[in-house]
Each structure stands twice: as C-alpha cells, then as structure tokens.
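Have a look at the structure below, then the notes.
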2 protein chains.
Amino acid sequence: MNHNLLVGQSGGPTAVINGSLYGIVSEGIENNSINKVIGMINGIEGFLNGSTMEMEPLKDSGELERIRTTPGSFLGSCRYKLPEDLGDPVYPKLFKKMEEYEIGYFFYIGGNDSMDTVSKLSRYAASVGNDIRIIGVPKTIDNDLVETDHTPGFGSAAKYVASTVREIAIDAFVYDNKKSVTIVEIMGRHAGWLTAASVLARKFEGDNPVLIYLPEAAFDPDAFIEIVREKMESVSNLVVCISEGINDGNGTFICELASDVGVDNFGHKMLTGSGKYLENLIKERLDVKVRSIELNVCQRCSSACLSAADLNEAVESGRFAVNAALSGETGKMISFLRTDASPYHLEFGTVDVSIVCNKEKPVPKEWIISDGSDIGHDFVLYAAPLIQGSVDVPTQDGLPYFAYRR
Amino acid sequence: MNHNLLVGQSGGPTAVINGSLYGIVSEGIENNSINKVIGMINGIEGFLNGSTMEMEPLKDSGELERIRTTPGSFLGSCRYKLPEDLGDPVYPKLFKKMEEYEIGYFFYIGGNDSMDTVSKLSRYAASVGNDIRIIGVPKTIDNDLVETDHTPGFGSAAKYVASTVREIAIDAFVYDNKKSVTIVEIMGRHAGWLTAASVLARKFEGDNPVLIYLPEAAFDPDAFIEIVREKMESVSNLVVCISEGINDGNGTFICELASDVGVDNFGHKMLTGSGKYLENLIKERLDVKVRSIELNVCQRCSSACLSAADLNEAVESGRFAVNAALSGETGKMISFLRTDASPYHLEFGTVDVSIVCNKEKPVPKEWIISDGSDIGHDFVLYAAPLIQGSVDVPTQDGLPYFAYRR
C-alpha cells in the first residue's frame, strides 16, 4: 500500500476550513506511517490537471501555523461534480493519477457536494479493489450536514452573525427618536441555522433582533407586515433577521416575487434580494424609515470573530480523520458527537459518507416559535457552546497576517 | 459661572465616538472644577425636549468602562440642523434650558454638521454675552474635517475596511481557476479617505485590491472596463474598491446613471448602488463572473477591528477638550496635530470651529495615481499609524459585551 497523503478543499470557504487542513497536514507530517503530505490545488478539478503542492515545507517556513488562523481555502476550491456513472473514464484517470503520486490516504474537506465526491470515489475504489482510504472532513457555515451534531465553520459564522447583528442593532438605535426598521439578510438557501444564530445577539427578552425568519417556516408577506406594525408599537428601531432563502412554503422564494433568478451548475437556484424585497414592501405599506443590509461573504471569511471552540474542533477533526484512515476506515465522513450538553463535551466518530451526501438537515420545527417569526431557547442551548472563546490572529502592520500560496 | 458639564453626540455613529464620550465624562467626573456631568439624549434635539441623563452613576456601576469599547452613540444621536438665523426663538429656548441645568461647559461630539451646531451656539452665546464654554470634539469615519490631521473614527473604520477587503480577496481567490471580478463598495459620498484605506490590504505589489476609485477623481465607465480587461490578463480574481460617491467629475454620481436618488434633510443626495451599477456593466461588457459587495454600516459600528491608536486618541481628545474649556476656550474644535511622521507622534490643539464647519477635506489629488485608478504610497504612510494595535473588547457568553442605555 502507498504511504502518501492527499488532501483537498472543496465548496465555499469558511473561517476554519483551513483549521481542518492544518489538523490533517500536521497529523500527516507528524505520523511516521505517512510519507509525503500533498495538497491538491483547487480540489479534485485541479488535481486532475496535476495541480499539487507539498505541504511539509510550509511547516519549516512557519506558514503552516499561519494557515490555522487564515480564513478561506488555502489550497483553493472547486465546484466540480463527479459523474453519477462510475463507469465514466474520469474515475480510472483520477486513480491513475493517485497511483502516480503514491497516494494511500485521501482527505476531502467540504460540505454536501464534496461528500458526494467522497462517496463516489470510495464506491469506485471498492468496485475496482483499490485499497486507498478515502475520508470526508465536514465543513460548512450552513450547518446542514446530517449525521453530525454540527459542522466546523458554523460556530465562527454564527459568532460573526450574532456579533454583527448586535452591532447593527446599536447602529439602528442611534436615532431612537425616529422609528425605523432594519432588515438583515443572512446566508442560507434551505437551512436557517445561521440566521437562527442571530437570536444570540439578544441581551434581554424583547431585545433586537425582535423578528427572525428561517426558510424552514412558510413566510407570509401580509402576516409579516402586520407583525412589524404591531412590534413597532413597543420597539422604535426594529431589527429583523431573515435567511436569504425564506419562501412561501410551496417552493417559491420570497425574492422570486421580485426578480428573476439563475441556476448554478449544481442546479441550486442563485438567490439575491429577499432583504431588498422586504425593504420595498415595508416602504410601500408602512410609513417608516427602512433599510436592508446583506451580510454577504464576510459571514464565511471574517477572521475577526473566529470562535476558539469552532477552530479547535476543526483542527481536531482533521487529526482524527488521519488516524481513522490509518486505522483502516474508508468511505466515511468524520462526525461530531455531543456526548454531554452541560457542560458541553464533544467526541468524534465516523459515519458512512453515502448516507450523508446530498441530504440537508433543517432546523427542527419545534425550535422555530411564534408562528415562524422567532427562535426558541433550545436553539440557544444548542448553539451557545459553539461560539465560545476568541482566537488571537497574528497581525502585521496593524492587520491580520494571513497565509497565502505564492 | 455654572459648573455642570453637558455632553452630546450627533451625526452618524463610529466605532470610537463613545471613546470620546468616555474621555469627556471621565475627565469631567475627575475634575474638581466640574460639578455634575450630564448627557443629552439624542443630541440637541433631545435636549430641547428635556431628555438627559446623569453620567456619574455609570462609573460606579462599571458601565462607563464598557462605554469606552462600545461602538455607536451611547447617548443617541440626531440630525437636527439649527436655523441660520441667530434671531430664531430656538436659541434663547436652548440657553434657558442650559441655565436650568446650570451648564457651564458644553461639548458636542460630531462631524461637519455637528460643528455647524457648535459654531452657531457659540456665536449666539457671544452675541448675548453668555459665558458658557462651547467646544466641538471631532468624529467621523469619513475623515473629511478640515484643520485636523485626521478624525477619530477613521482609524478603526480604515482598519475594518483594510482587514475586510483582505478577507474578501481571500474569498475571491478560492476559485482562482475561474476568472472573476469582485466590486467592493465603501462608504464616502464626497471624500474617498475610507476607500483609499483599502490599499492597506495589499500584501505585495500588484496584490488585490488591484483597482481603487475615489470620488475625488472623475470616473469614466469606458476607461474602467478597459482597465479591468487589461488587469485580468495577469490577475484571475480581481478585487476593485470604489467609493459609493464615485462620479463623472461633473457632479453626476455613477449610481445616478442607473437609478433615481433621494435627498436627506441636510440636502445630501442619498446614494445607493454604484457597486451594483458596475457589476451589471461588467456583466454586460466582459464575459466574466462578477459580484458586488456593499460593506454597509459595519464600517462604522464594528467593534471587531477597533484600532487601539484610534480609540486612545478619541479618549484623549475628549479629556483635552474638557481641559481646553476649563482653561477658557470656547467656539473651538479640538484638532489633531501630527508633530512627527516617523515615529508617529500626535498632539492636540484647538481651532476656530467656524472655519471647520460645512467644509470637506478631500484626499489630496497627488495621492491618487494611475489615472485615478490607484492610491499612492504617501497615503499608506499617512494612514498606517492610525490602524495600529488591537483592543480587547470585554465579552460575555462568547459575544462582545456592550454598554447600553436601560
């Protein structure tokens, strides 16, 4: 069996996807059973074109330590979807390339679509009797992977959302002698985990964000206007948090009421503008100052709100993955198991990747309260441990000092 | 003469406007010549309606210390413009109210419009022989006040912009096997200081943001498309930073090419969408993936990127203001004097507020290079000292622990 380790990143970046990379690479370098640690540049797509780099020199230069606290995908990413048909010639081509590089251990850090890649590769390997160990390491700010308590990347994104919404509420409050509504649009097409995290911004009962809407509950624009009108009787400066993917419950996104949408190459609808739509609706129906704010990519790439809990778990899940592969596991995703809720305690396990991929875990219906306009305390108990602790990101000339490929 | 101190905040918030408040209040509490320290709630407008609070109890409760690191205006703000006619009855009404509160010292923390208030109040006081000392303390993320090297609030906003643009560049780079353009729209209607700060994000010559456009230089959409085309030959994932107020040099904002605009109650045009306009222009003219990101209010209310240099100067300028008033000054704004560039050294002074108000300081023409598409090194030397050092914001349950009025 071969003794080199291959690792890649795929899908959208997070603040700690490089933490998982750091864990895999560090463990790979330290472990005597592994020879070279090789990174694929731009995921499986780049690897097919021979784009790789050796990782050990980064340790000697100090760059590996900086990778740990650098947001985004250090190795670059791709959104390449492997063919459903395992008879496609791309599979033997890929495994021939792995043989050239003497790869015995393959790690892919990613979300749903990346786990689909892990599933197909491991099924192909099994079908041809290849003994390469293929492991998926989860990441996604969306927190929508099944068979795991949560995913790395969510904690830091949740901390960014909660901190930022708390600050936006302060900004809205500055003119508290004038009534206003601020709509904050948060990432999440189908799962509202990240939007739900805005509830953590509340300092007391009734504090902003007063209203929170997720894609998991049907959204009714008329009921929305009525509840905004009602809440404004007691709160001058209302902050409302919504998922980009809020919808009418019958598959129509609220933003589609306003504009046309495109489709990306995984068939996902490309959304924009639910916040803008509601801003205009309020302007039209209520006599009140209104603005909408899209939190945008900072949710997934800000290093300023890194959660120490999240980053540590990302690193440890990477180390665990290497050891799982060495002990013979393949075709698995690393799963996060909350063995104790209070005090919070986490352990890692493995789960068959084929039951994870192409599924989405919604926020439980019972955590969504007040006719779909608020989030209950069970979510707070769930999410609070994931945003604890801050991370000292190295700085240079007053700015974060990040790792980057030269 | 009366011995109470009155302090208010006005205009848009910044990350350190409460630092100035902290400086004034702390100095006022500590100084034996001053009796009570009174805050006006929602500026001069709230004060006219009798909205005030005593500040000393906040010290005993520990809240004052938290105010120091809380973004936004703790006392609330207003955009109330005093009448030009000093014969208007609002003036005697205001001064009668101040007499009731036994105010001897009046401090107003704000930008251009707030200095206009300070100027009018001090001219009225002089005209009626009132000996109240009236002092303006500068703040604005826009950095556009004249007669001062810079303004508190700018350093932290600049640090936020530079850090965030560096992170957005990482996010853009993740798919470096696909060409893309990312437009980042930064606050600034007429002055481009904050947009210029994006140049600090560069790690090396030619790094992102590759193009930077300020309102001070005429913007030509055709020339823009050509330079984007040219730059994309060497940079796959281009990041372009623009001020919201980029214009054609003849008073037409670029965003006006796309949509209608409103006017606020100071007669300022209310802008939106220069980034969106350029996104659509690139989509139309170049065959490339493009997105636009509006940094929005986080630029002025994020505590995550507080500059220690900026916050300390804000606090000290507040303390200096109290001592200036005690030593007999009135009708002045506190000015920031850079007495040494390297190593950076700052001193405070005072300047006649009537020569400050209603003026705007643009970025010097000679700091804008490459036909208006880039920022020169002189700006870097100017801005770098203002973003140095980070601030430990107190946390509670994993989130920033802010002061707020109950």
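Convention: chains lettered A, B, ... in structure tokens order; per-chain residue numbering from 1; ligands numbered from 1 as shown.
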
Leaving out Val161 (chain A) and any residue of its chain fewer than 2 positions from it, which residues lie within 7 Å of it when counting only C-alpha atoms, given as an mmCIF file with C-alpha atoms, in the first residue's frame?
```
data_model
loop_
_atom_site.group_PDB
_atom_site.id
_atom_site.type_symbol
_atom_site.label_atom_id
_atom_site.label_comp_id
_atom_site.auth_asym_id
_atom_site.auth_seq_id
_atom_site.Cartn_x
_atom_site.Cartn_y
_atom_site.Cartn_z
ATOM 1 C CA ALA A 157 -20.065 32.172 11.198
ATOM 2 C CA ALA A 158 -22.694 32.110 13.962
ATOM 3 C CA LYS A 159 -20.434 34.217 16.168
ATOM 4 C CA SER A 163 -21.833 39.935 16.993
ATOM 5 C CA THR A 164 -22.633 41.849 13.827
ATOM 6 C CA VAL A 165 -26.401 41.847 14.405
ATOM 7 C CA ALA A 197 -27.802 32.305 15.369
ATOM 8 C CA SER A 198 -28.882 35.954 15.265
ATOM 9 C CA GLN A 299 -20.030 35.653 7.164
#
```

All alpha helix (DSSP H) positions in region 14-262 of chain A, as a ChimeraX atom specification: /A:17-30,43-48,56-61,63-67,90-100,112-128,154-173,193-196,221-231

Long-range neighbours of region 214-223 of chain B as a PyMOL selection string, 12 Å cut-off, only C-alpha atoms, 5 positions minimum in chain: chain B and resi 185-199+228-230+240-255+257+274+277-282+285-286+360-375

Per residue of chain B within 7 Å of chain A, note the shortest atom pair and the distance in Å to one decimal, counting only C-alpha atoms, and order the rows by chain and increasing residue number, as a tab-separated table.
```
residue	atom	partner	partner_atom	distance
B:Pro13	CA	A:Asp171	CA	6.9
B:Asn42	CA	A:Tyr175	CA	7.0
B:Gly72	CA	A:Asp171	CA	5.7
B:Ser73	CA	A:Val174	CA	5.8
B:Gly76	CA	A:Val174	CA	4.5
B:Ser77	CA	A:Val174	CA	5.4
B:Cys78	CA	A:Tyr175	CA	6.1
B:Ser163	CA	A:Leu399	CA	6.0
B:Glu167	CA	A:Cys301	CA	5.9
B:Ile168	CA	A:Cys301	CA	7.0
B:Ile170	CA	A:Gly72	CA	6.0
B:Asp171	CA	A:Gly72	CA	5.7
B:Val174	CA	A:Gly76	CA	4.5
B:Tyr175	CA	A:Ser77	CA	5.5
B:Asp176	CA	A:Gly76	CA	6.8
B:Ile293	CA	A:Asn296	CA	6.9
B:Asn296	CA	A:Ile293	CA	6.9
B:Cys301	CA	A:Glu167	CA	5.9
B:Ser302	CA	A:Glu167	CA	6.3
B:Ala304	CA	A:Ala304	CA	5.7
B:Ile387	CA	A:Gly398	CA	5.7
B:Gln388	CA	A:Gly398	CA	4.4
B:Gly389	CA	A:Gly398	CA	5.8
B:Asp397	CA	A:Gln388	CA	6.7
B:Gly398	CA	A:Gln388	CA	4.4
B:Leu399	CA	A:Ser163	CA	6.0
B:Pro400	CA	A:Ser163	CA	6.6
```

Selection export as a JSON list (two decimals), in the first residue's frame, atoms kept: N, CA, C and O atoms:
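Okay, this is what ended up in again_2.json:
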```
[["chain", "number", "residue", "atom", "x", "y", "z"],
["B", 13, "PRO", "N", -22.91, 57.32, 13.70],
["B", 13, "PRO", "CA", -22.02, 56.74, 14.72],
["B", 13, "PRO", "C", -20.67, 56.31, 14.14],
["B", 13, "PRO", "O", -20.50, 56.23, 12.92],
["B", 42, "ASN", "N", -30.01, 61.86, 22.45],
["B", 42, "ASN", "CA", -30.35, 62.27, 21.08],
["B", 42, "ASN", "C", -30.02, 63.73, 20.83],
["B", 42, "ASN", "O", -30.81, 64.49, 20.24],
["B", 72, "GLY", "N", -21.00, 52.92, 18.23],
["B", 72, "GLY", "CA", -22.27, 53.65, 18.16],
["B", 72, "GLY", "C", -22.33, 54.74, 19.21],
["B", 72, "GLY", "O", -21.41, 54.91, 20.00],
["B", 73, "SER", "N", -23.41, 55.50, 19.19],
["B", 73, "SER", "CA", -23.55, 56.63, 20.10],
["B", 73, "SER", "C", -24.35, 56.20, 21.31],
["B", 73, "SER", "O", -25.57, 56.06, 21.23],
["B", 76, "GLY", "N", -27.22, 58.28, 22.00],
["B", 76, "GLY", "CA", -28.12, 58.52, 20.88],
["B", 76, "GLY", "C", -27.69, 59.74, 20.11],
["B", 76, "GLY", "O", -26.85, 60.53, 20.57],
["B", 77, "SER", "N", -28.25, 59.90, 18.94],
["B", 77, "SER", "CA", -27.80, 60.97, 18.04],
["B", 77, "SER", "C", -29.00, 61.71, 17.48],
["B", 77, "SER", "O", -30.15, 61.41, 17.80],
["B", 78, "CYS", "N", -28.72, 62.73, 16.69],
["B", 78, "CYS", "CA", -29.79, 63.40, 15.94],
["B", 78, "CYS", "C", -29.18, 64.01, 14.69],
["B", 78, "CYS", "O", -27.97, 64.07, 14.55],
["B", 163, "SER", "N", -8.90, 45.22, 6.63],
["B", 163, "SER", "CA", -8.98, 43.81, 7.04],
["B", 163, "SER", "C", -10.01, 43.07, 6.21],
["B", 163, "SER", "O", -9.76, 41.95, 5.74],
["B", 167, "GLU", "N", -9.77, 39.99, 3.47],
["B", 167, "GLU", "CA", -10.52, 38.73, 3.61],
["B", 167, "GLU", "C", -11.39, 38.45, 2.38],
["B", 167, "GLU", "O", -11.51, 37.32, 1.94],
["B", 168, "ILE", "N", -11.97, 39.50, 1.83],
["B", 168, "ILE", "CA", -12.78, 39.33, 0.62],
["B", 168, "ILE", "C", -11.88, 38.87, -0.54],
["B", 168, "ILE", "O", -12.28, 38.05, -1.36],
["B", 170, "ILE", "N", -9.30, 36.98, -0.21],
["B", 170, "ILE", "CA", -9.10, 35.55, 0.04],
["B", 170, "ILE", "C", -10.31, 34.77, -0.46],
["B", 170, "ILE", "O", -10.18, 33.75, -1.12],
["B", 171, "ASP", "N", -11.49, 35.29, -0.16],
["B", 171, "ASP", "CA", -12.72, 34.63, -0.59],
["B", 171, "ASP", "C", -12.80, 34.56, -2.12],
["B", 171, "ASP", "O", -13.19, 33.55, -2.69],
["B", 174, "VAL", "N", -10.45, 31.86, -3.80],
["B", 174, "VAL", "CA", -10.73, 30.45, -3.56],
["B", 174, "VAL", "C", -10.99, 29.69, -4.87],
["B", 174, "VAL", "O", -10.56, 28.56, -5.03],
["B", 175, "TYR", "N", -11.66, 30.36, -5.79],
["B", 175, "TYR", "CA", -11.89, 29.73, -7.10],
["B", 175, "TYR", "C", -10.95, 30.35, -8.12],
["B", 175, "TYR", "O", -11.38, 30.86, -9.15],
["B", 176, "ASP", "N", -9.63, 30.31, -7.86],
["B", 176, "ASP", "CA", -8.71, 31.04, -8.72],
["B", 176, "ASP", "C", -8.52, 30.37, -10.08],
["B", 176, "ASP", "O", -7.81, 30.86, -10.93],
["B", 293, "ILE", "N", -20.20, 43.81, -3.50],
["B", 293, "ILE", "CA", -20.39, 43.70, -2.05],
["B", 293, "ILE", "C", -20.41, 45.10, -1.47],
["B", 293, "ILE", "O", -19.49, 45.88, -1.72],
["B", 296, "ASN", "N", -21.39, 48.45, 3.86],
["B", 296, "ASN", "CA", -22.53, 48.86, 4.69],
["B", 296, "ASN", "C", -22.15, 49.35, 6.09],
["B", 296, "ASN", "O", -21.02, 49.72, 6.32],
["B", 301, "CYS", "N", -19.71, 50.59, 12.72],
["B", 301, "CYS", "CA", -20.17, 50.09, 14.02],
["B", 301, "CYS", "C", -19.53, 48.79, 14.45],
["B", 301, "CYS", "O", -19.94, 48.20, 15.44],
["B", 302, "SER", "N", -18.51, 48.32, 13.71],
["B", 302, "SER", "CA", -17.88, 47.06, 14.12],
["B", 302, "SER", "C", -16.89, 47.30, 15.24],
["B", 302, "SER", "O", -16.05, 48.20, 15.16],
["B", 304, "ALA", "N", -15.03, 44.75, 16.14],
["B", 304, "ALA", "CA", -14.08, 43.65, 15.95],
["B", 304, "ALA", "C", -12.73, 44.15, 15.43],
["B", 304, "ALA", "O", -11.72, 43.48, 15.60],
["B", 387, "ILE", "N", -4.10, 52.78, 12.22],
["B", 387, "ILE", "CA", -4.78, 51.48, 12.35],
["B", 387, "ILE", "C", -4.02, 50.53, 13.28],
["B", 387, "ILE", "O", -4.35, 49.34, 13.36],
["B", 388, "GLN", "N", -3.00, 51.03, 13.97],
["B", 388, "GLN", "CA", -2.14, 50.14, 14.76],
["B", 388, "GLN", "C", -2.79, 49.71, 16.08],
["B", 388, "GLN", "O", -3.46, 50.49, 16.74],
["B", 389, "GLY", "N", -2.51, 48.49, 16.45],
["B", 389, "GLY", "CA", -2.91, 47.98, 17.75],
["B", 389, "GLY", "C", -4.35, 47.49, 17.77],
["B", 389, "GLY", "O", -5.21, 48.03, 17.07],
["B", 397, "ASP", "N", -20.58, 35.40, 27.36],
["B", 397, "ASP", "CA", -21.19, 34.31, 26.59],
["B", 397, "ASP", "C", -20.68, 34.27, 25.15],
["B", 397, "ASP", "O", -21.44, 34.00, 24.22],
["B", 398, "GLY", "N", -19.40, 34.59, 24.96],
["B", 398, "GLY", "CA", -18.80, 34.45, 23.63],
["B", 398, "GLY", "C", -19.05, 35.63, 22.70],
["B", 398, "GLY", "O", -18.62, 35.61, 21.55],
["B", 399, "LEU", "N", -19.74, 36.65, 23.17],
["B", 399, "LEU", "CA", -20.05, 37.80, 22.31],
["B", 399, "LEU", "C", -19.57, 39.09, 22.97],
["B", 399, "LEU", "O", -19.42, 39.14, 24.19],
["B", 400, "PRO", "N", -19.35, 40.14, 22.17],
["B", 400, "PRO", "CA", -18.93, 41.42, 22.77],
["B", 400, "PRO", "C", -19.98, 41.91, 23.77],
["B", 400, "PRO", "O", -21.18, 41.83, 23.52]]
```

Region 135-147 of chain A surroundings by only C-alpha atoms, 7 Å radius, close-in-sequence under 2 positions cut, as a PyMOL selection string: chain A and resi 14+17+106-112+115+118+133+149-154+157+188+191+193-194+300+318+321+325+330-335+356+359-362

Output of the above residues as a short mmCIF file (atom, residue, chain, number, x, y, z; two decimals), in the first residue's frame, restricted to N, CA and C atoms:
```cif
data_model
loop_
_atom_site.label_atom_id
_atom_site.label_comp_id
_atom_site.auth_asym_id
_atom_site.auth_seq_id
_atom_site.Cartn_x
_atom_site.Cartn_y
_atom_site.Cartn_z
N THR A 14 -14.91 28.70 4.52
CA THR A 14 -15.37 29.10 5.85
C THR A 14 -14.18 29.73 6.57
N ILE A 17 -12.04 26.36 7.61
CA ILE A 17 -11.75 25.22 6.73
C ILE A 17 -10.24 24.99 6.67
N PHE A 106 -6.64 9.65 1.25
CA PHE A 106 -7.26 10.75 0.52
C PHE A 106 -8.26 11.46 1.45
N PHE A 107 -8.08 12.77 1.63
CA PHE A 107 -8.98 13.55 2.51
C PHE A 107 -9.58 14.71 1.74
N TYR A 108 -10.89 14.83 1.86
CA TYR A 108 -11.58 15.91 1.15
C TYR A 108 -12.39 16.70 2.18
N ILE A 109 -12.08 18.00 2.31
CA ILE A 109 -12.77 18.84 3.30
C ILE A 109 -13.87 19.61 2.57
N GLY A 110 -15.10 19.41 2.98
CA GLY A 110 -16.17 20.12 2.27
C GLY A 110 -17.54 19.86 2.85
N GLY A 111 -18.55 20.32 2.11
CA GLY A 111 -19.95 20.19 2.54
C GLY A 111 -20.65 19.07 1.78
N ASN A 112 -21.94 19.23 1.57
CA ASN A 112 -22.77 18.26 0.86
C ASN A 112 -22.20 17.73 -0.42
N MET A 115 -19.05 15.76 -0.09
CA MET A 115 -19.27 14.42 0.44
C MET A 115 -19.79 13.49 -0.66
N VAL A 118 -16.67 12.31 -2.20
CA VAL A 118 -16.05 11.28 -1.35
C VAL A 118 -16.80 9.95 -1.51
N ARG A 133 -7.54 4.75 1.23
CA ARG A 133 -8.52 5.13 2.27
C ARG A 133 -9.04 6.53 1.96
N ASP A 149 -23.57 16.39 14.87
CA ASP A 149 -24.22 17.38 15.74
C ASP A 149 -24.16 18.77 15.12
N HIS A 150 -23.00 19.09 14.55
CA HIS A 150 -22.81 20.37 13.86
C HIS A 150 -21.60 20.25 12.95
N THR A 151 -21.32 21.29 12.21
CA THR A 151 -20.17 21.25 11.30
C THR A 151 -19.22 22.40 11.61
N PRO A 152 -17.90 22.14 11.49
CA PRO A 152 -16.96 23.24 11.68
C PRO A 152 -17.21 24.33 10.64
N GLY A 153 -17.03 25.57 11.06
CA GLY A 153 -17.33 26.71 10.18
C GLY A 153 -18.61 27.39 10.65
N PHE A 154 -19.56 26.56 11.16
CA PHE A 154 -20.81 27.14 11.63
C PHE A 154 -20.58 28.01 12.86
N ALA A 157 -19.09 31.39 11.96
CA ALA A 157 -20.07 32.17 11.20
C ALA A 157 -21.20 32.65 12.11
N GLY A 188 -28.02 31.33 3.68
CA GLY A 188 -28.77 30.11 3.96
C GLY A 188 -29.92 29.97 2.97
N ALA A 191 -31.44 25.94 4.67
CA ALA A 191 -31.35 25.70 6.11
C ALA A 191 -31.10 27.03 6.81
N TRP A 193 -29.95 27.64 9.97
CA TRP A 193 -29.11 27.60 11.17
C TRP A 193 -28.41 28.92 11.43
N LEU A 194 -27.83 29.48 10.37
CA LEU A 194 -27.02 30.69 10.55
C LEU A 194 -27.90 31.90 10.91
N ARG A 300 -18.57 34.19 5.93
CA ARG A 300 -17.79 32.95 5.78
C ARG A 300 -16.30 33.20 5.74
N GLY A 318 -9.61 17.18 11.88
CA GLY A 318 -8.61 16.85 10.86
C GLY A 318 -7.65 15.79 11.37
N ALA A 321 -9.38 12.46 11.56
CA ALA A 321 -9.58 11.87 10.24
C ALA A 321 -8.35 11.07 9.81
N ALA A 325 -8.26 7.01 9.12
CA ALA A 325 -7.79 6.41 7.86
C ALA A 325 -6.69 5.40 8.14
N THR A 330 -12.52 3.82 5.58
CA THR A 330 -12.63 4.45 4.27
C THR A 330 -14.11 4.60 3.92
N GLY A 331 -14.40 5.56 3.03
CA GLY A 331 -15.80 5.79 2.67
C GLY A 331 -16.59 6.41 3.82
N LYS A 332 -15.91 7.12 4.68
CA LYS A 332 -16.55 7.68 5.87
C LYS A 332 -16.43 9.21 5.90
N MET A 333 -17.37 9.82 6.62
CA MET A 333 -17.20 11.23 6.98
C MET A 333 -16.99 11.30 8.49
N ILE A 334 -16.16 12.24 8.93
CA ILE A 334 -15.97 12.44 10.36
C ILE A 334 -17.24 13.09 10.90
N SER A 335 -17.78 12.54 11.99
CA SER A 335 -18.98 13.15 12.57
C SER A 335 -18.67 13.70 13.96
N VAL A 356 -24.69 10.55 4.10
CA VAL A 356 -24.59 11.98 4.42
C VAL A 356 -24.82 12.84 3.18
N LYS A 359 -27.90 15.26 1.25
CA LYS A 359 -29.04 15.46 2.15
C LYS A 359 -28.84 16.79 2.87
N GLU A 360 -29.91 17.35 3.40
CA GLU A 360 -29.80 18.61 4.13
C GLU A 360 -30.53 18.49 5.46
N LYS A 361 -29.90 18.99 6.52
CA LYS A 361 -30.51 18.92 7.85
C LYS A 361 -31.14 20.26 8.19
N PRO A 362 -32.47 20.32 8.26
CA PRO A 362 -33.11 21.60 8.59
C PRO A 362 -33.07 21.87 10.10
#
```
